[in-house]
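Structure data follow from protein_20.txt (compact mmCIF, C-alpha atoms):
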```txt
# COMPACT_ATOMS: atom_id res chain seq x y z
CA MET K 1 0.00 0.00 0.00
CA GLU K 2 1.26 3.43 -0.90
CA ALA K 3 2.25 5.43 2.14
CA ILE K 4 0.91 8.55 0.47
CA SER K 5 -2.71 7.41 0.33
CA SER K 6 -2.94 6.56 4.03
CA ALA K 7 -1.19 9.86 4.89
CA LEU K 8 -3.83 11.66 2.82
CA LEU K 9 -6.62 9.72 4.52
CA LEU K 10 -5.35 10.55 8.01
CA LYS K 11 -4.96 14.26 7.19
CA ALA K 12 -8.46 14.37 5.72
CA LEU K 13 -9.87 12.68 8.85
CA ASP K 14 -8.07 15.27 11.02
CA GLY K 15 -9.45 18.12 8.92
CA LEU K 16 -13.00 16.80 9.01
CA SER K 17 -12.98 16.28 12.76
CA GLU K 18 -11.73 19.85 13.24
CA ARG K 19 -14.48 21.06 10.91
CA ALA K 20 -16.98 19.28 13.16
CA VAL K 21 -15.58 21.29 16.11
CA ALA K 22 -15.84 24.59 14.19
CA THR K 23 -19.42 23.79 13.13
CA ALA K 24 -20.37 22.94 16.72
CA GLN K 25 -18.90 26.30 17.76
CA ASN K 26 -20.98 28.12 15.13
CA ILE K 27 -24.22 26.40 16.18
CA ALA K 28 -23.47 27.01 19.86
CA ASN K 29 -23.03 30.72 19.15
CA ALA K 30 -26.10 31.04 16.93
CA GLY K 31 -27.64 33.43 19.46
CA THR K 32 -24.52 35.41 20.35
CA PRO K 33 -24.74 39.01 19.19
CA GLY K 34 -21.94 40.05 16.83
CA TYR K 35 -20.61 36.51 16.41
CA ARG K 36 -18.95 35.80 13.06
CA PRO K 37 -19.27 32.18 11.89
CA LEU K 38 -16.00 30.30 11.42
CA ARG K 39 -15.04 28.48 8.24
CA LEU K 40 -12.41 25.76 8.15
CA SER K 41 -10.60 24.91 4.93
CA PHE K 42 -8.06 22.21 4.23
CA GLU K 43 -9.16 20.46 1.02
CA GLY K 44 -7.36 22.88 -1.31
CA ALA K 45 -4.10 22.74 0.65
CA LEU K 46 -4.31 18.95 0.84
CA LYS K 47 -4.93 18.64 -2.87
CA SER K 48 -1.88 20.67 -3.82
CA ALA K 49 0.23 18.92 -1.18
CA ALA K 50 -0.72 15.53 -2.62
CA ASN K 51 1.51 16.25 -5.63
CA GLY K 52 4.41 17.08 -3.31
CA GLY K 53 4.65 13.67 -1.66
CA ALA K 54 4.22 12.42 1.90
CA ASP K 55 6.44 15.14 3.36
CA ALA K 56 4.32 17.97 1.97
CA ILE K 57 1.16 16.25 3.20
CA GLN K 58 2.54 16.14 6.75
CA HIS K 59 2.77 19.93 6.80
CA VAL K 60 -0.84 20.62 5.82
CA ALA K 61 -2.71 22.39 8.63
CA PRO K 62 -6.39 23.37 8.44
CA ALA K 63 -7.04 27.13 8.36
CA ILE K 64 -9.84 28.59 10.47
CA GLU K 65 -11.20 31.96 9.44
CA PRO K 66 -14.23 33.97 10.49
CA LEU K 67 -16.64 35.02 7.74
CA ALA K 68 -16.57 38.67 6.70
CA ALA K 69 -18.39 41.04 9.05
CA GLY K 70 -22.15 41.01 8.66
CA GLY K 71 -22.39 37.29 7.99
CA GLU K 72 -24.55 35.71 10.66
CA VAL K 73 -24.99 32.09 11.67
CA ARG K 74 -27.53 30.13 9.63
CA PRO K 75 -28.32 27.12 11.82
CA ASP K 76 -29.82 25.17 8.90
CA LEU K 77 -26.70 25.52 6.75
CA GLU K 78 -24.47 24.73 9.74
CA LEU K 79 -26.45 21.54 10.43
CA ALA K 80 -26.14 20.57 6.76
CA THR K 81 -22.36 21.08 7.03
CA ALA K 82 -22.28 19.03 10.25
CA SER K 83 -24.15 16.16 8.67
CA SER K 84 -22.10 16.09 5.45
CA THR K 85 -18.90 16.28 7.51
CA ALA K 86 -20.03 13.27 9.56
CA LEU K 87 -20.92 11.31 6.40
CA ARG K 88 -17.60 12.05 4.70
CA TYR K 89 -15.78 11.13 7.91
CA GLY K 90 -17.61 7.79 7.98
CA ALA K 91 -16.83 7.15 4.32
CA LEU K 92 -13.12 7.87 4.84
CA ILE K 93 -13.04 5.48 7.79
CA GLU K 94 -14.53 2.78 5.54
CA VAL K 95 -11.74 3.41 3.02
CA LEU K 96 -9.13 3.26 5.78
CA ASN K 97 -10.61 -0.04 6.98
CA ARG K 98 -10.39 -1.52 3.47
CA GLU K 99 -6.74 -0.52 3.33
CA LEU K 100 -6.06 -2.13 6.69
CA GLN K 101 -7.84 -5.29 5.55
CA LEU K 102 -5.70 -5.42 2.40
CA ASN K 103 -2.61 -5.11 4.59
CA ALA K 104 -3.89 -7.89 6.82
CA VAL K 105 -4.36 -10.14 3.78
CA ALA K 106 -0.85 -9.32 2.60
CA ILE K 107 0.57 -10.27 6.01
CA THR K 108 -1.36 -13.47 6.60
CA GLY K 109 -1.45 -14.60 2.95
CA ASN K 110 -5.21 -14.98 3.29
CA SER K 111 -4.81 -18.21 5.23
CA MET G 1 -15.00 14.90 22.26
CA GLN G 2 -14.50 18.68 21.91
CA ALA G 3 -17.45 19.14 19.54
CA MET G 4 -19.78 17.56 22.08
CA GLU G 5 -18.38 19.73 24.89
CA ILE G 6 -19.06 22.84 22.79
CA SER G 7 -22.66 21.78 22.11
CA ARG G 8 -23.04 21.08 25.82
CA THR G 9 -22.10 24.68 26.76
CA ALA G 10 -24.78 25.92 24.36
CA LEU G 11 -27.43 23.59 25.84
CA ASP G 12 -26.63 25.06 29.26
CA VAL G 13 -26.88 28.65 28.02
CA GLU G 14 -30.17 28.10 26.15
CA TRP G 15 -31.63 26.33 29.17
CA ARG G 16 -30.81 29.25 31.43
CA SER G 17 -32.27 31.64 28.88
CA LEU G 18 -35.51 29.61 28.93
CA GLU G 19 -35.52 29.75 32.74
CA LEU G 20 -35.34 33.55 32.64
CA ILE G 21 -38.17 33.74 30.10
CA ALA G 22 -40.31 31.51 32.32
CA GLN G 23 -39.49 33.76 35.27
CA ASN G 24 -40.49 36.86 33.28
CA LEU G 25 -43.80 35.35 32.15
CA ALA G 26 -44.54 34.10 35.65
CA ASN G 27 -44.09 37.61 37.04
CA ALA G 28 -45.84 39.43 34.21
CA ASN G 29 -48.91 40.15 36.31
CA ALA G 30 -47.28 40.72 39.70
CA PRO G 31 -48.22 44.28 40.70
CA ALA G 32 -46.29 46.50 43.08
CA ALA G 33 -47.10 49.71 44.92
CA SER G 34 -44.33 51.76 43.36
CA SER G 35 -42.30 51.76 40.14
CA ALA G 36 -39.14 51.20 42.17
CA GLU G 37 -40.05 47.81 43.63
CA VAL G 38 -41.83 46.31 40.62
CA TYR G 39 -40.32 43.23 38.94
CA LYS G 40 -37.98 44.00 36.03
CA PRO G 41 -37.87 41.60 33.08
CA LEU G 42 -34.52 39.78 32.88
CA GLN G 43 -32.59 38.82 29.78
CA LEU G 44 -29.52 36.62 29.40
CA VAL G 45 -26.53 38.14 27.63
CA THR G 46 -24.48 35.48 25.87
CA ALA G 47 -20.91 35.70 24.65
CA THR G 48 -18.43 33.44 22.93
CA LYS G 49 -16.47 31.55 25.59
CA GLY G 50 -12.75 32.15 25.85
CA SER G 51 -10.55 34.92 27.07
CA PHE G 52 -10.87 38.10 25.06
CA ALA G 53 -7.23 39.05 25.66
CA GLU G 54 -6.13 35.66 24.36
CA HIS G 55 -8.10 36.15 21.14
CA LEU G 56 -6.57 39.60 20.71
CA ARG G 57 -3.07 38.27 21.24
CA ARG G 58 -3.41 35.54 18.64
CA GLY G 59 -5.47 37.53 16.18
CA ALA G 60 -8.39 36.01 14.34
CA SER G 61 -6.25 34.25 11.73
CA GLY G 62 -4.08 32.49 14.31
CA MET G 63 -7.05 30.66 15.78
CA GLY G 64 -6.79 26.91 16.18
CA PRO G 65 -9.53 24.38 16.91
CA GLY G 66 -8.25 24.18 20.51
CA ASP G 67 -9.37 27.79 21.06
CA LEU G 68 -13.02 26.97 20.36
CA LEU G 69 -14.77 26.61 23.70
CA GLY G 70 -18.41 27.24 22.84
CA VAL G 71 -20.62 29.87 24.40
CA GLU G 72 -21.22 31.19 27.90
CA ALA G 73 -23.72 33.28 29.82
CA ALA G 74 -21.93 36.59 30.28
CA ALA G 75 -24.51 38.47 32.34
CA VAL G 76 -28.16 38.77 33.28
CA ARG G 77 -29.45 42.17 32.28
CA ALA G 78 -32.56 43.76 33.78
CA ASN G 79 -34.79 45.57 31.33
CA GLU G 80 -35.11 49.19 32.53
CA THR G 81 -38.29 49.98 30.58
CA PRO G 82 -40.64 51.89 32.92
CA PRO G 83 -43.46 49.72 34.31
CA ARG G 84 -47.05 49.90 33.12
CA LEU G 85 -49.10 52.13 35.44
CA VAL G 86 -52.74 51.05 35.67
CA HIS G 87 -55.45 52.97 37.45
CA GLU G 88 -56.95 50.44 39.89
CA PRO G 89 -58.07 52.29 43.04
CA GLY G 90 -59.59 49.10 44.51
CA ASN G 91 -56.32 47.14 44.35
CA PRO G 92 -54.59 46.71 47.74
CA ASN G 93 -51.29 47.59 46.00
CA ALA G 94 -52.57 50.91 44.71
CA ASP G 95 -50.68 54.07 45.67
CA ALA G 96 -52.27 57.29 46.94
CA ALA G 97 -53.39 58.28 43.45
CA GLY G 98 -54.90 54.84 42.84
CA TYR G 99 -52.20 53.61 40.41
CA VAL G 100 -50.69 50.10 40.41
CA ALA G 101 -47.35 49.33 38.70
CA TYR G 102 -47.18 46.20 36.55
CA PRO G 103 -43.83 44.84 35.21
CA ALA G 104 -42.91 45.92 31.68
CA VAL G 105 -43.00 42.36 30.36
CA ASP G 106 -43.60 42.30 26.61
CA HIS G 107 -45.40 39.02 25.97
CA ALA G 108 -44.75 38.97 22.23
CA GLU G 109 -41.05 39.60 22.80
CA GLN G 110 -40.82 36.87 25.44
CA MET G 111 -42.58 34.33 23.21
CA THR G 112 -40.29 35.16 20.29
CA LEU G 113 -37.23 34.75 22.49
CA MET G 114 -38.62 31.48 23.81
CA ILE G 115 -39.12 30.00 20.33
CA LYS G 116 -35.65 31.17 19.32
CA SER G 117 -34.07 29.58 22.39
CA ALA G 118 -35.98 26.33 21.89
CA ARG G 119 -34.91 26.13 18.24
CA THR G 120 -31.28 26.83 19.10
CA TYR G 121 -31.49 24.16 21.80
CA GLU G 122 -32.79 21.64 19.23
CA ALA G 123 -30.08 22.57 16.73
CA ASN G 124 -27.43 21.93 19.38
CA ILE G 125 -28.93 18.55 20.24
CA VAL G 126 -28.71 17.58 16.56
CA ALA G 127 -25.13 18.88 16.34
CA MET G 128 -24.23 16.86 19.42
CA TYR G 129 -25.80 13.75 17.93
CA THR G 130 -23.88 14.23 14.67
CA ALA G 131 -20.61 14.60 16.59
CA ARG G 132 -21.45 11.47 18.56
CA GLU G 133 -21.95 9.58 15.28
CA MET G 134 -18.50 10.68 14.13
CA TYR G 135 -16.83 9.59 17.35
CA SER G 136 -18.53 6.21 17.31
CA LYS G 137 -17.52 5.78 13.66
CA ALA G 138 -13.91 6.49 14.65
CA LEU G 139 -14.12 3.56 17.07
CA GLU G 140 -14.62 1.31 14.04
CA ILE G 141 -11.14 1.98 12.64
CA GLY G 142 -9.41 -1.34 12.20
CA ARG G 143 -12.50 -3.43 12.85
CA ARG G 144 -12.76 -6.59 10.75
CA SER G 145 -16.06 -6.77 8.93
```
Entire entry expressed as structure tokens:
Amino acid sequence: MEAISSALLLKALDGLSERAVATAQNIANAGTPGYRPLRLSFEGALKSAANGGADAIQHVAPAIEPLAAGGEVRPDLELATASSTALRYGALIEVLNRELQLNAVAITGNS
Amino acid sequence: MQAMEISRTALDVEWRSLELIAQNLANANAPAASSAEVYKPLQLVTATKGSFAEHLRRGASGMGPGDLLGVEAAAVRANETPPRLVHEPGNPNADAAGYVAYPAVDHAEQMTLMIKSARTYEANIVAMYTAREMYSKALEIGRRS
């Protein structure tokens, strides 16, 4: 198994779990006056780092930024983000499990 | 488990906000002899949890997920709107001129706040459930199917 694909998977899992934290923060502050919703981005950085090899992937860190002033929390959109984040997280864990199973087959020779 | 902790702080804040609204509605018809001693409607002031100085030091762009702590109840503010004065000479609470002071509770405002709080509470429950799903999915890493 290529080291690069599991490094990508782990970074994506990290990013998604941090996005879940940021979304929870936005929903928690839905009623706070003057609160600016946070947005977390890592996909773009991860995509360009994927061409640079495992080393570049290691250095990818998610960026958290508040929306421009005036943007207020939309609980419906935040919940949609939360649910799609959870689904993508689950899907990535399935992929990771398949990889681990392939490794297990390679080690035991499927005996 | 940080996402669940954050949602938990919000559940606490919304609950306390609902308690204050219930208190306001319960006292809406409690008269007093003078404007000074009449019940004043209370409202919860919420603020993002975390030290303000710390946020300033780091700047908004230097924020990490570890700095996200949810929401907190910053203060309880009394509404200083003057009470409603009603002419009720027969009321035992009436002053010399026959006026009774009723709290300045705005029912429509309180109901709106209540619905808002209840909806925010629900949204946080859903967010907590979604986070819980993610954590339980993470426990499946390496499981043989």
Open item on the list: Using Å and a single decimal, report how far atom CA of G:Arg119 sits from atom CA of G:Leu25.
Closed with: 18.9 Å
Please provide as a PDB file with C-alpha atoms, keeping the file's coordinate frame all residues within 10 Å of K:Asn26, with the sequence filter that same-chain residues fewer than 4 positions apart are discarded (counting all atoms listed in the file).
```
ATOM      1  CA  ALA K  20     -16.980  19.280  13.160  1.00  0.00           C
ATOM      2  CA  VAL K  21     -15.580  21.290  16.110  1.00  0.00           C
ATOM      3  CA  ALA K  22     -15.840  24.590  14.190  1.00  0.00           C
ATOM      4  CA  ALA K  30     -26.100  31.040  16.930  1.00  0.00           C
ATOM      5  CA  GLY K  31     -27.640  33.430  19.460  1.00  0.00           C
ATOM      6  CA  THR K  32     -24.520  35.410  20.350  1.00  0.00           C
ATOM      7  CA  TYR K  35     -20.610  36.510  16.410  1.00  0.00           C
ATOM      8  CA  ARG K  36     -18.950  35.800  13.060  1.00  0.00           C
ATOM      9  CA  PRO K  37     -19.270  32.180  11.890  1.00  0.00           C
ATOM     10  CA  LEU K  38     -16.000  30.300  11.420  1.00  0.00           C
ATOM     11  CA  ARG K  39     -15.040  28.480   8.240  1.00  0.00           C
ATOM     12  CA  GLU K  72     -24.550  35.710  10.660  1.00  0.00           C
ATOM     13  CA  VAL K  73     -24.990  32.090  11.670  1.00  0.00           C
ATOM     14  CA  ARG K  74     -27.530  30.130   9.630  1.00  0.00           C
ATOM     15  CA  PRO K  75     -28.320  27.120  11.820  1.00  0.00           C
ATOM     16  CA  GLU K  78     -24.470  24.730   9.740  1.00  0.00           C
ATOM     17  CA  LEU K  79     -26.450  21.540  10.430  1.00  0.00           C
TER      18      LEU K  79
ATOM     19  CA  ILE G   6     -19.060  22.840  22.790  1.00  0.00           C
ATOM     20  CA  SER G   7     -22.660  21.780  22.110  1.00  0.00           C
ATOM     21  CA  THR G  48     -18.430  33.440  22.930  1.00  0.00           C
ATOM     22  CA  LEU G  68     -13.020  26.970  20.360  1.00  0.00           C
ATOM     23  CA  GLY G  70     -18.410  27.240  22.840  1.00  0.00           C
ATOM     24  CA  VAL G  71     -20.620  29.870  24.400  1.00  0.00           C
ATOM     25  CA  ASN G 124     -27.430  21.930  19.380  1.00  0.00           C
TER      26      ASN G 124
END
```
Open item on the list: Residues of chain K within 6 Å of chain G, counting only C-alpha atoms - could you list those as JSON, numbers by chain?
Closed with: {"K": [21, 24, 25, 28, 29, 32, 65, 86, 97]}
- [ ] Take atom CA of G:Ala74 and atom CA of G:Leu44 and report the distance between them in Å, one decimal.
- [x] 7.6 Å
Open item on the list: Report, in Å with one decimal, the straight-line distance from atom CA of K:Ala63 to atom CA of K:Glu94.
Closed with: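 Taking atom CA of K:Ala63 and atom CA of K:Glu94, their separation equals 25.6 Å.
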Task: Spatial neighbours of G:His107, 10 Å, all atoms listed in the file, chain gap at least 3 places, as a PyMOL selection string - done: chain G and resi 21+24-25+28+104+110-113
Open item on the list: Between K:Ala80, K:Ala56, K:Ala3, K:Leu16, which residue has the minimum interatomic distance to K:Leu92, considering all atoms listed in the file?
Closed with: K:Leu16
Task: Residue list as number ranges by chain for point (0.6, 9.3, 5.2), cut-off 12 Å, all atoms listed in the file - done: K: 1-13, 46, 49-50, 53-60, 96
Task: Neighbours of point (-56.9, 50.9, 38.9) within 6 Å, using all atoms listed in the file, written as an NGL selection string - done: :G and (86-89 or 98-99)
With C-alpha atoms retained, write the just-selected residues as a PDB file, in the coordinates of the input.
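Done, and the output landed in part04.pdb:
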```
ATOM      1  CA  VAL G  86     -52.740  51.050  35.670  1.00  0.00           C
ATOM      2  CA  HIS G  87     -55.450  52.970  37.450  1.00  0.00           C
ATOM      3  CA  GLU G  88     -56.950  50.440  39.890  1.00  0.00           C
ATOM      4  CA  PRO G  89     -58.070  52.290  43.040  1.00  0.00           C
ATOM      5  CA  GLY G  98     -54.900  54.840  42.840  1.00  0.00           C
ATOM      6  CA  TYR G  99     -52.200  53.610  40.410  1.00  0.00           C
TER       7      TYR G  99
END
```
Let me have the centre and edge lengths in Å, one decimal, of the box along x, y and z around every listed atom of stretch 37-46 of chain K with 6 Å of margin on each side, as AutoDock Vina command-line options.
```
--center_x -11.7 --center_y 25.6 --center_z 5.3 --size_x 27.2 --size_y 25.2 --size_z 25.2
```
TODO: Find the residue from G:Leu18, G:Asp12, G:Lys40, G:Ala118 that sits nearest to G:Asn79; use only C-alpha atoms when measuring.
DONE: G:Lys40
